[in-house]
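J.: Handing you this structure, nothing more for now.
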Amino acid sequence: MNVSISTRQAYSEIDEFLGLLSEAERQEIPKKLREFFKNEKDRTYFKSIDKNIPIKEQDLKEETLAIIALLNLQYWCKDEEEKNRLKLIYAQNEKNYQALLCEKYNSNDIFKKEETKNINNTNSNMEIVEYKETIFKRILNKIAKFFNIR
């Protein structure tokens with residue numbers, strides 16, 4: 001399994017984050033999952049996380065924040081109403097993200113923009129060049145016509 005460096009660094013941040021939790025909170029996450037983060041993390045990447053600073057201000061990777069949100073939803077959030085509220089928020093965030101991607105990478109718009117760029121570029125750089133055969137080329141063509149070679 002090929003895991004990107006960025007993902008391994010996120011696993012390092014998750015492992016550091018889990019180390020800051022109380023034993024009870026840590027035990028709610030399956031041991032296999034905790035071992036997975038520990039084994040797959042980037043051993044050369046170190047991110048210190050301060051308990052006194054909110055997570056939002058820790059400058060963590062997006063992948064790390066996504067994994068923490070998932071861990072919260074799966075293991076730490078006990079209230080069903082809160083879980084449903086979080087699921088709605090995550091679904092809305094995903095919908096907004098997909099709309100942004102669709103707007104940014106809409107295939108119809110990409111081709112329209114590229115087409116107008118090409119039209120503008122070709123109009124401004126268009127020159128008429130007259131093609132003239134050299135005498136040598138004309139003689140060779142006449143000989144080729146005479147022998148019916150072409």
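Going by the structure tokens order, chains are called A, B, ..., each with residues numbered from 1, while ligands are numbered from 1 in the order shown.
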Can you tell me, as a PyMOL selection string, what residues are no more than 9 Å from region 61-75 of chain A when counting only C-alpha atoms, ignoring any on the same chain fewer than 3 positions away?

T.: chain A and resi 6-7+9-14+17+25+28-30+55-56+78+82-83+86-87

J.: Go ahead and write the residues just picked, N, CA and C atoms, as a tab-separated table (two decimals), in the first residue's frame.

T.:
```
chain	number	residue	atom	x	y	z
A	6	SER	N	2.41	13.14	2.88
A	6	SER	CA	1.47	14.01	3.57
A	6	SER	C	0.56	13.20	4.50
A	7	THR	N	0.10	12.06	4.03
A	7	THR	CA	-0.77	11.21	4.85
A	7	THR	C	0.01	10.65	6.04
A	9	GLN	N	2.49	12.06	7.48
A	9	GLN	CA	2.66	13.17	8.42
A	9	GLN	C	1.38	13.42	9.20
A	10	ALA	N	0.24	13.25	8.54
A	10	ALA	CA	-1.04	13.39	9.25
A	10	ALA	C	-1.16	12.29	10.31
A	11	TYR	N	-0.72	11.09	10.00
A	11	TYR	CA	-0.73	10.01	10.98
A	11	TYR	C	0.17	10.34	12.16
A	12	SER	N	1.29	11.02	11.90
A	12	SER	CA	2.18	11.45	12.98
A	12	SER	C	1.46	12.44	13.89
A	13	GLU	N	0.75	13.37	13.28
A	13	GLU	CA	0.01	14.35	14.07
A	13	GLU	C	-1.11	13.68	14.87
A	14	ILE	N	-1.76	12.70	14.27
A	14	ILE	CA	-2.82	11.96	14.97
A	14	ILE	C	-2.23	11.19	16.15
A	17	PHE	N	-1.57	13.61	18.82
A	17	PHE	CA	-2.86	14.03	19.38
A	17	PHE	C	-3.40	12.97	20.34
A	25	GLU	N	-10.27	8.24	27.08
A	25	GLU	CA	-10.60	8.66	25.71
A	25	GLU	C	-9.81	7.86	24.68
A	28	GLU	N	-11.16	4.31	23.99
A	28	GLU	CA	-12.38	4.21	23.19
A	28	GLU	C	-12.08	3.94	21.72
A	29	ILE	N	-10.87	4.24	21.31
A	29	ILE	CA	-10.44	3.96	19.94
A	29	ILE	C	-9.85	2.56	19.92
A	30	PRO	N	-10.22	1.72	18.95
A	30	PRO	CA	-9.70	0.35	18.90
A	30	PRO	C	-8.17	0.33	18.86
A	55	ILE	N	-7.58	23.44	18.83
A	55	ILE	CA	-7.17	22.65	17.65
A	55	ILE	C	-7.14	23.50	16.39
A	56	LYS	N	-8.10	24.40	16.23
A	56	LYS	CA	-8.18	25.23	15.03
A	56	LYS	C	-6.92	26.07	14.83
A	78	LYS	N	-21.17	10.48	21.95
A	78	LYS	CA	-22.11	9.49	22.47
A	78	LYS	C	-23.56	9.88	22.24
A	82	GLU	N	-26.33	14.79	18.68
A	82	GLU	CA	-25.08	15.46	18.30
A	82	GLU	C	-24.46	14.78	17.07
A	83	LYS	N	-24.49	13.45	17.02
A	83	LYS	CA	-23.97	12.72	15.86
A	83	LYS	C	-24.71	13.13	14.59
A	86	LEU	N	-23.64	16.58	13.53
A	86	LEU	CA	-22.32	16.55	12.90
A	86	LEU	C	-22.40	15.95	11.50
A	87	LYS	N	-23.19	14.91	11.33
A	87	LYS	CA	-23.32	14.30	10.00
A	87	LYS	C	-23.91	15.30	9.01
```

J.: Per DSSP on the backbone, filter region 51-95 of chain A down to the residues in helix (DSSP H, G or I) and report them as number ranges by chain.

T.: A: 55-57, 62-76, 80-95

J.: Smallest atom-to-atom distance to Leu20 (chain A): which of A:Lys41, A:Lys145, A:Lys51, A:Arg34, using only C-alpha atoms?

T.: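 Closest to Leu20 (chain A), using only C-alpha atoms: A:Lys51.
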
J.: With distances taken over only C-alpha atoms, which residue among A:Glu16, A:Gln92, A:Ala144, A:Tyr97 lies nearest Arg43 (chain A)?

T.: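 Using only C-alpha atoms, Arg43 (chain A) sits closest to A:Glu16.
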
J.: Which one is closest to Ser4 (chain A): A:Asp50, A:Glu40, A:Leu88, A:Glu80? Count only C-alpha atoms.

T.: A:Glu40

J.: Using CA of Cys77 (chain A) and CA of Tyr90 (chain A) as the two end points, give the distance in Å to one decimal.

T.: 14.3 Å

J.: Counting only C-alpha atoms, figure out which residue out of A:Asp79, A:Asp59, A:Asp15, A:Glu103 gets nearest to Phe37 (chain A).

T.: A:Asp15

J.: Just give me the gap between CA of Ile5 (chain A) and CA of Phe36 (chain A) in Å, one decimal is fine.

T.: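 These atoms are spaced 15.4 Å apart.
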
J.: Would you compute the distance between CA of Ser22 (chain A) and CA of Trp76 (chain A)? Give it in Å to one decimal.

T.: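 CA of Ser22 (chain A) sits 12.0 Å away from CA of Trp76 (chain A).
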